[in-house]
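Q: Have a peek at target_10.cif (mmCIF, C-alpha atoms).
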data_entry
#
loop_
_atom_site.label_atom_id
_atom_site.label_comp_id
_atom_site.auth_asym_id
_atom_site.auth_seq_id
_atom_site.Cartn_x
_atom_site.Cartn_y
_atom_site.Cartn_z
CA MET O 1 -11.11 -27.40 161.32
CA LYS O 2 -10.54 -23.87 162.60
CA ARG O 3 -9.90 -25.23 166.09
CA ILE O 4 -7.42 -27.80 164.74
CA ALA O 5 -5.60 -25.09 162.80
CA ILE O 6 -5.28 -22.94 165.93
CA LEU O 7 -3.96 -25.91 167.93
CA LEU O 8 -1.47 -26.65 165.16
CA ILE O 9 -0.21 -23.04 165.17
CA ILE O 10 0.15 -23.12 168.96
CA THR O 11 2.07 -26.40 168.74
CA ILE O 12 4.43 -24.93 166.12
CA ILE O 13 5.04 -21.83 168.28
CA ILE O 14 5.78 -23.95 171.36
CA CYS O 15 8.15 -26.21 169.41
CA THR O 16 9.91 -23.16 167.95
CA LEU O 17 10.33 -21.62 171.41
CA LEU O 18 11.65 -24.90 172.82
CA TYR O 19 14.11 -25.28 169.92
CA THR O 20 15.31 -21.68 170.27
CA THR O 21 15.76 -22.09 174.02
CA SER O 22 17.67 -25.33 173.47
CA LYS O 23 19.96 -23.67 170.92
CA THR O 24 20.55 -20.70 173.22
CA GLU O 25 21.48 -23.01 176.09
CA GLU O 26 23.73 -25.01 173.74
CA ALA O 27 25.45 -21.85 172.52
CA SER O 28 25.87 -20.72 176.11
CA SER O 29 27.39 -24.06 177.14
CA GLU O 30 29.78 -23.87 174.18
CA GLU O 31 30.85 -20.27 174.85
CA LYS O 32 34.58 -19.89 174.37
CA ILE O 33 36.89 -19.37 177.33
CA VAL O 34 38.55 -15.99 176.98
CA VAL O 35 42.25 -16.24 177.84
CA ALA O 36 45.14 -13.81 177.49
CA ALA O 37 48.84 -14.24 176.76
CA SER O 38 51.83 -11.93 176.48
CA ILE O 39 53.37 -12.90 173.12
CA MET O 40 52.40 -14.39 169.77
CA PRO O 41 54.12 -17.83 170.05
CA GLN O 42 51.85 -18.56 173.02
CA LYS O 43 48.81 -18.08 170.78
CA GLU O 44 49.74 -21.13 168.72
CA PHE O 45 50.41 -23.16 171.87
CA ILE O 46 47.07 -22.20 173.46
CA GLU O 47 45.01 -22.70 170.31
CA ALA O 48 46.73 -26.02 169.61
CA VAL O 49 45.42 -27.32 172.96
CA GLY O 50 42.23 -25.30 173.36
CA GLY O 51 41.02 -25.53 169.76
CA ASP O 52 37.58 -24.01 169.28
CA LYS O 53 36.97 -23.82 173.04
CA VAL O 54 39.20 -20.77 173.57
CA LYS O 55 39.52 -17.19 172.42
CA VAL O 56 43.06 -15.84 172.79
CA ILE O 57 43.96 -12.19 173.43
CA VAL O 58 47.64 -11.42 172.79
CA MET O 59 48.97 -8.36 174.55
CA VAL O 60 52.10 -7.79 172.41
CA PRO O 61 50.85 -7.90 168.77
CA PRO O 62 52.84 -8.94 165.68
CA GLY O 63 55.75 -6.65 164.92
CA ALA O 64 55.73 -4.99 168.35
CA ASP O 65 58.70 -5.02 170.71
CA PRO O 66 58.02 -6.57 174.15
CA HIS O 67 60.68 -4.27 175.62
CA THR O 68 58.72 -1.12 174.82
CA TYR O 69 55.12 -2.02 173.91
CA GLU O 70 52.23 -0.47 175.85
CA PRO O 71 48.78 -2.14 175.66
CA GLN O 72 46.05 -0.23 173.84
CA PRO O 73 42.72 0.67 175.52
CA GLY O 74 40.86 -1.89 173.39
CA GLN O 75 43.22 -4.66 174.54
CA LEU O 76 42.69 -3.71 178.18
CA ARG O 77 38.90 -3.82 177.72
CA GLU O 78 39.20 -7.30 176.23
CA LEU O 79 41.53 -8.35 179.04
CA SER O 80 38.86 -7.53 181.62
CA LYS O 81 36.86 -10.51 180.23
CA ALA O 82 39.73 -13.03 180.47
CA LYS O 83 39.50 -15.95 182.89
CA ILE O 84 43.16 -16.95 182.54
CA TYR O 85 46.36 -15.04 181.82
CA PHE O 86 49.11 -17.26 180.46
CA GLN O 87 52.22 -15.44 181.66
CA ILE O 88 55.39 -16.56 179.88
CA GLY O 89 57.11 -16.18 183.26
CA SER O 90 60.71 -15.99 182.07
CA GLY O 91 61.39 -12.30 182.68
CA ILE O 92 60.34 -10.63 179.43
CA GLU O 93 60.29 -6.85 179.74
CA PHE O 94 56.58 -6.50 178.98
CA GLU O 95 55.63 -8.68 181.94
CA LYS O 96 58.10 -6.95 184.26
CA THR O 97 56.50 -3.60 183.41
CA TRP O 98 52.83 -4.51 183.05
CA MET O 99 51.98 -7.71 184.91
CA GLU O 100 51.00 -6.13 188.23
CA ARG O 101 48.85 -3.53 186.48
CA LEU O 102 47.11 -6.21 184.42
CA LYS O 103 46.32 -8.16 187.59
CA GLU O 104 44.77 -5.03 189.12
CA LEU O 105 42.63 -4.54 186.02
CA ASN O 106 41.17 -8.04 186.31
CA PRO O 107 41.69 -9.36 189.87
CA ASN O 108 39.57 -12.48 189.20
CA MET O 109 41.82 -13.57 186.33
CA LYS O 110 43.88 -16.68 187.10
CA ILE O 111 47.61 -16.17 186.41
CA VAL O 112 49.45 -19.18 184.98
CA ASN O 113 53.25 -19.32 184.75
CA CYS O 114 53.92 -21.09 181.45
CA SER O 115 57.62 -21.54 182.33
CA LYS O 116 56.92 -23.62 185.44
CA GLY O 117 59.26 -26.62 185.35
CA ILE O 118 61.84 -24.99 183.05
CA LYS O 119 65.33 -24.20 184.31
CA LEU O 120 65.57 -20.48 183.57
CA MET O 121 68.63 -18.50 182.50
CA LYS O 122 68.55 -14.88 183.64
CA GLU O 123 70.36 -13.54 180.59
CA ASP O 124 67.66 -14.62 178.11
CA PRO O 125 63.86 -14.51 178.57
CA HIS O 126 63.17 -16.22 175.20
CA VAL O 127 62.44 -19.52 176.90
CA TRP O 128 60.07 -20.73 174.16
CA THR O 129 62.77 -20.84 171.44
CA SER O 130 63.66 -24.45 172.32
CA PRO O 131 61.16 -27.16 171.29
CA ARG O 132 61.91 -28.97 174.56
CA ASN O 133 60.77 -25.96 176.53
CA ALA O 134 57.75 -25.56 174.24
CA ILE O 135 56.62 -29.05 175.28
CA ILE O 136 56.69 -28.02 178.95
CA ILE O 137 54.82 -24.78 178.17
CA VAL O 138 52.11 -26.69 176.28
CA LYS O 139 51.67 -29.11 179.19
CA ASN O 140 51.25 -26.18 181.59
CA ILE O 141 48.60 -24.70 179.30
CA TYR O 142 46.78 -28.04 179.13
CA LYS O 143 46.76 -28.38 182.92
CA SER O 144 45.23 -24.93 183.37
CA LEU O 145 42.58 -25.36 180.67
CA THR O 146 41.43 -28.68 182.15
CA GLU O 147 41.20 -27.11 185.60
CA GLU O 148 39.07 -24.30 184.19
CA ASP O 149 36.99 -26.55 181.92
CA PRO O 150 37.16 -30.18 183.17
CA ILE O 151 34.18 -31.27 181.06
CA HIS O 152 36.37 -30.99 177.92
CA LYS O 153 39.45 -32.61 179.42
CA ASP O 154 39.57 -35.43 176.84
CA TYR O 155 39.29 -32.91 174.00
CA TYR O 156 42.21 -30.89 175.37
CA ALA O 157 44.25 -34.05 176.00
CA LYS O 158 43.81 -35.25 172.42
CA ASN O 159 44.81 -31.83 171.05
CA MET O 160 47.82 -31.60 173.36
CA GLU O 161 49.11 -35.04 172.40
CA LYS O 162 48.79 -34.23 168.69
CA TYR O 163 50.71 -30.96 169.03
CA ILE O 164 53.37 -32.38 171.34
CA SER O 165 54.04 -35.13 168.81
CA GLN O 166 54.93 -32.37 166.32
CA LEU O 167 57.21 -30.71 168.88
CA LYS O 168 58.94 -34.04 169.62
CA LYS O 169 59.51 -34.55 165.91
CA LEU O 170 61.01 -31.05 165.73
CA ASP O 171 63.26 -31.85 168.70
CA GLU O 172 64.50 -34.99 166.98
CA GLN O 173 65.19 -33.07 163.77
CA PHE O 174 67.32 -30.54 165.67
CA ASN O 175 69.19 -33.42 167.31
CA GLN O 176 69.88 -35.13 164.00
CA THR O 177 70.91 -31.87 162.30
CA LEU O 178 73.35 -30.72 164.98
CA THR O 179 74.84 -34.01 166.17
CA GLY O 180 78.31 -34.40 164.70
CA LYS O 181 78.53 -30.88 163.25
CA GLN O 182 82.05 -29.55 163.60
CA ASN O 183 81.15 -25.86 163.59
CA LYS O 184 78.58 -25.28 166.31
CA LYS O 185 78.80 -21.50 166.54
CA ILE O 186 76.11 -19.20 165.21
CA LEU O 187 76.18 -15.42 164.86
CA VAL O 188 73.01 -13.62 165.97
CA TYR O 189 72.13 -9.97 166.33
CA HIS O 190 69.94 -10.30 169.44
CA PRO O 191 70.65 -13.02 172.04
CA ALA O 192 67.26 -14.72 171.62
CA TRP O 193 68.38 -18.30 171.06
CA THR O 194 70.19 -19.18 174.31
CA TYR O 195 67.79 -21.99 175.24
CA LEU O 196 68.00 -23.53 171.77
CA CYS O 197 71.79 -23.39 171.97
CA ARG O 198 71.81 -24.92 175.44
CA ASP O 199 69.56 -27.84 174.49
CA TYR O 200 71.41 -28.70 171.27
CA ASN O 201 74.96 -27.94 172.37
CA ILE O 202 75.66 -24.95 170.12
CA GLU O 203 77.02 -21.48 170.92
CA GLN O 204 75.64 -18.11 169.88
CA ILE O 205 77.91 -15.15 169.29
CA THR O 206 75.84 -12.01 169.79
CA ILE O 207 76.23 -8.63 168.11
CA GLU O 208 73.98 -6.73 170.51
CA LYS O 209 74.96 -6.76 174.20
CA GLU O 210 72.37 -5.89 176.87
CA GLY O 211 70.30 -4.02 174.30
CA LYS O 212 73.22 -1.88 173.15
CA GLU O 213 74.91 -1.60 169.75
CA PRO O 214 78.53 -2.84 169.70
CA SER O 215 81.40 -0.37 169.96
CA PRO O 216 83.87 -0.24 167.03
CA GLN O 217 86.31 -2.35 169.09
CA ALA O 218 83.60 -4.95 169.87
CA LEU O 219 82.54 -4.98 166.23
CA ALA O 220 86.13 -5.68 165.13
CA LYS O 221 86.36 -8.53 167.65
CA ILE O 222 83.10 -10.08 166.40
CA ILE O 223 84.33 -9.89 162.79
CA GLN O 224 87.59 -11.56 163.78
CA GLU O 225 85.77 -14.37 165.61
CA ALA O 226 83.32 -14.86 162.74
CA LYS O 227 86.18 -15.19 160.24
CA LYS O 228 88.00 -17.60 162.53
CA ASN O 229 84.92 -19.83 162.74
CA ASN O 230 84.04 -19.44 159.04
CA ILE O 231 80.58 -18.11 159.85
CA LYS O 232 78.58 -17.33 156.71
CA ILE O 233 75.12 -16.66 158.19
CA ILE O 234 73.92 -13.92 160.54
CA ILE O 235 70.52 -14.47 162.20
CA VAL O 236 68.59 -11.25 162.72
CA SER O 237 65.11 -10.60 164.13
CA PRO O 238 62.80 -8.15 162.30
CA GLN O 239 62.69 -5.91 165.40
CA SER O 240 66.48 -5.40 165.33
CA ASN O 241 68.57 -2.58 163.91
CA LYS O 242 70.27 -4.35 161.02
CA GLN O 243 73.04 -1.81 160.40
CA SER O 244 75.68 -3.55 162.54
CA ALA O 245 74.70 -6.95 161.15
CA GLN O 246 75.08 -5.63 157.61
CA THR O 247 78.52 -4.18 158.42
CA ILE O 248 79.68 -7.59 159.65
CA ALA O 249 78.02 -9.40 156.74
CA ASP O 250 79.90 -7.21 154.28
CA GLU O 251 83.19 -7.88 156.04
CA ILE O 252 82.86 -11.67 156.24
CA ASN O 253 80.80 -12.18 153.06
CA ALA O 254 77.87 -13.59 155.04
CA LYS O 255 74.15 -13.85 154.34
CA ILE O 256 71.62 -12.21 156.68
CA VAL O 257 68.70 -14.48 157.57
CA ILE O 258 65.66 -12.92 159.27
CA ILE O 259 63.99 -15.18 161.83
CA ASP O 260 61.51 -13.73 164.30
CA PRO O 261 61.60 -15.36 167.76
CA LEU O 262 58.21 -13.72 168.38
CA ALA O 263 56.46 -15.19 165.32
CA GLU O 264 53.03 -16.71 165.91
CA ASN O 265 53.53 -19.70 163.57
CA TYR O 266 55.88 -21.44 165.99
CA ILE O 267 56.53 -24.80 164.32
CA GLU O 268 56.87 -23.26 160.85
CA ASN O 269 59.23 -20.64 162.27
CA MET O 270 61.37 -23.22 164.07
CA GLN O 271 61.56 -25.24 160.85
CA LYS O 272 63.06 -22.15 159.24
CA MET O 273 65.63 -22.00 162.05
CA LEU O 274 66.36 -25.71 161.55
CA GLN O 275 66.97 -25.24 157.82
CA THR O 276 69.28 -22.30 158.61
CA LEU O 277 71.32 -24.38 161.06
CA LYS O 278 71.76 -27.11 158.47
CA SER O 279 73.96 -24.75 156.50
CA ILE O 280 76.29 -23.62 159.32
#
Here is the file; what I need is its structure written in the form of structure tokens.
A:
Amino acid sequence: MKRIAILLIITIIICTLLYTTSKTEEASSEEKIVVAASIMPQKEFIEAVGGDKVKVIVMVPPGADPHTYEPQPGQLRELSKAKIYFQIGSGIEFEKTWMERLKELNPNMKIVNCSKGIKLMKEDPHVWTSPRNAIIIVKNIYKSLTEEDPIHKDYYAKNMEKYISQLKKLDEQFNQTLTGKQNKKILVYHPAWTYLCRDYNIEQITIEKEGKEPSPQALAKIIQEAKKNNIKIIIVSPQSNKQSAQTIADEINAKIVIIDPLAENYIENMQKMLQTLKSI
């Protein structure tokens, strides 16, 4: 009996070791791919495709300004583990300033241009603010993830198709909302919506020009144009100085609507933009 008991204990120990080894190997095989991106909207795009297979590091955090933000030491340590950097690739100031230094920090990191296939406009780097461009960006992300992790290609494809169907629905909603509208001019503080305007045949009048506040003469001209076009909404980003926008709003009896082009919750945020455009 004593011998049987010893054999039983040995068997249990061996089985436990085998199970633990199996679980360790399983956990290792399911380890998330660490990827990095410049801005928050990309996080939704990447996670929509990558699901639980990816861990996303965003270099410009919520509320920060890509024109002036400098990465923190902790972010740079995390970046050294990234296998892919999803560069927005449209000329945002953060990437102009930091991209070469980030490459030097992690020379083995693959750099992916998310804007590949999009016709860029030099005056506006906010390429993601059109759902049509977002579809192209998501496809570029999918392609890179499947190259890095081909074993989960079907998983990524299913996720991509599901998310793109939401983007296509959003595109159709913008089409339906803006087709036939007589007034197709919007007043914005920062020129962040050029691609949206291009794709849906609307025009943005901007308060800020090349990062500078308007002069009194320019302000008067904007007020005159806004009155002429019966504009009653001014779209402002949270990062903007709202003083000029408020001056114009007071003059034309307009409402200020805050919409952040850098918001992480992309589809929800674009729905807010859609609802705003319904009232122009």
Q: Can you translate the PyMOL selection byres ((chain O and resi 174) around 10) into the concrete residues it hits in this file, as a ChimeraX atom specification?
A: /O:130-131,168-173,175-179,196,199-200,270-271,273-275,277-278
Q: Give me the result of the PyMOL selection byres ((chain O and resi 75) around 10) on this file, residue by residue, as a VMD selection string.
A: chain O and resid 36 57 to 60 71 to 74 76 to 80
Q: Taking into account all atoms listed in the file, which residue in the set O:Pro62, O:Gln243, O:Val54, O:Phe86 is nearest to O:Met40?
A: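 Looking only at the distances to O:Met40, the closest residue turns out to be O:Pro62.
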Q: Looking at O:Ile222, O:Ile141, O:Ala82, O:Ile233, which one is nearest to O:Glu44, with distances taken over all atoms listed in the file?
A: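 Among O:Ile222, O:Ile141, O:Ala82, O:Ile233, it is O:Ile141 that comes nearest to O:Glu44.
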Q: Which residues fall under the PyMOL selection byres ((chain O and resi 227) around 12) in this file, as a PyMOL selection string?
A: chain O and resi 185-187+220-226+228-233+248-254
Q: Within 10 Å of O:Gln204, counting all atoms listed in the file, which residues show up once you throw out same-chain ones fewer than 3 positions away? Write them as a list in words, please.
A: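 The residues satisfying every condition are Lys184, Lys185, Ile186, Leu187, Val188, Tyr189, His190, Pro191, Ala192, Trp193, Thr194, Leu196, Cys197, Arg198, Ile207 and Ile235 of chain O.
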Q: Restrict the selected residues to C-alpha atoms and save them as a compact mmCIF listing (two decimals), in the coordinates of the input.
A:
# COMPACT_ATOMS: atom_id res chain seq x y z
CA LYS O 184 78.58 -25.28 166.31
CA LYS O 185 78.80 -21.50 166.54
CA ILE O 186 76.11 -19.20 165.21
CA LEU O 187 76.18 -15.42 164.86
CA VAL O 188 73.01 -13.62 165.97
CA TYR O 189 72.13 -9.97 166.33
CA HIS O 190 69.94 -10.30 169.44
CA PRO O 191 70.65 -13.02 172.04
CA ALA O 192 67.26 -14.72 171.62
CA TRP O 193 68.38 -18.30 171.06
CA THR O 194 70.19 -19.18 174.31
CA LEU O 196 68.00 -23.53 171.77
CA CYS O 197 71.79 -23.39 171.97
CA ARG O 198 71.81 -24.92 175.44
CA ILE O 207 76.23 -8.63 168.11
CA ILE O 235 70.52 -14.47 162.20
Q: So which one's closest to O:Met99, O:Thr206, O:Gln246, O:Asn113, O:Asn201? Using only C-alpha atoms, please.
A: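 Closest candidate: O:Asn113.
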Q: Would you compute the distance between atom CA of O:Gln239 and atom CA of O:Glu213? Give it in Å to one decimal.
A: 13.7 Å
Q: What separation in Å, quoted to one decimal, exists between atom CA of O:Val34 and atom CA of O:Lys81?
A: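 Atom CA of O:Lys81 lies at a distance of 6.6 Å from atom CA of O:Val34.
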Q: Could you list, as a list of chain:residue names, every residue within 10 Å of O:Pro238, counting all atoms listed in the file and ignoring same-chain residues fewer than 2 positions away?
A: O:Gly63, O:Ala64, O:Asp65, O:Ile235, O:Val236, O:Ser240, O:Asn241, O:Lys242, O:Val257, O:Ile258, O:Ile259, O:Asp260, O:Pro261, O:Leu262, O:Ala263
Q: Please save C-alpha atoms of the selected residues as an mmCIF file, in the frame of the given file.
A:
data_model
loop_
_atom_site.group_PDB
_atom_site.id
_atom_site.type_symbol
_atom_site.label_atom_id
_atom_site.label_comp_id
_atom_site.auth_asym_id
_atom_site.auth_seq_id
_atom_site.Cartn_x
_atom_site.Cartn_y
_atom_site.Cartn_z
ATOM 1 C CA GLY O 63 55.750 -6.650 164.920
ATOM 2 C CA ALA O 64 55.730 -4.990 168.350
ATOM 3 C CA ASP O 65 58.700 -5.020 170.710
ATOM 4 C CA ILE O 235 70.520 -14.470 162.200
ATOM 5 C CA VAL O 236 68.590 -11.250 162.720
ATOM 6 C CA SER O 240 66.480 -5.400 165.330
ATOM 7 C CA ASN O 241 68.570 -2.580 163.910
ATOM 8 C CA LYS O 242 70.270 -4.350 161.020
ATOM 9 C CA VAL O 257 68.700 -14.480 157.570
ATOM 10 C CA ILE O 258 65.660 -12.920 159.270
ATOM 11 C CA ILE O 259 63.990 -15.180 161.830
ATOM 12 C CA ASP O 260 61.510 -13.730 164.300
ATOM 13 C CA PRO O 261 61.600 -15.360 167.760
ATOM 14 C CA LEU O 262 58.210 -13.720 168.380
ATOM 15 C CA ALA O 263 56.460 -15.190 165.320
#
Q: To one decimal place, how far is atom CA of O:Glu123 from atom CA of O:Thr97 in Å?
A: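 Between these atoms lies a distance of 17.3 Å.
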Q: So that I can check the surroundings of O:Val112, please list as a list in words every protein, DNA and RNA residue that reaches within 10 Å of it, counting all atoms listed in the file and ignoring chain neighbours fewer than 3 positions away.
A: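 Contacts, in chain order: Ala37, Ile84, Tyr85, Phe86, Gln87, Ile88, Gly89, Met109, Ser115, Lys116, Asn140, Ile141, Lys143 and Ser144 of chain O.
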Q: Output as lines of an AutoDock Vina configuration file the centre and edge lengths (Å, one decimal) of the box along x, y and z of the file that holds every listed atom of stretch 134-146 of chain O after adding 4 Å on each side.
A:
center_x = 49.6
center_y = -26.9
center_z = 178.8
size_x = 24.3
size_y = 12.4
size_z = 17.1
Q: Which one is closest to O:Ser165: O:Gly51, O:Ala134, O:Ile33, O:Asn106? Count all atoms listed in the file.
A: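 Closest to O:Ser165 of all the choices is O:Ala134.
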Q: Determine, counting all atoms listed in the file, which protein, DNA and RNA residues have an atom within 10 Å of an atom of O:Lys53; residues of the same chain fewer than 3 positions away are not included. Present the result as a list in words.
A: Glu30, Glu31, Lys32, Ile33, Val34, Glu47, Val49, Gly50, Leu145, Asp149, His152, Tyr155 and Tyr156 of chain O
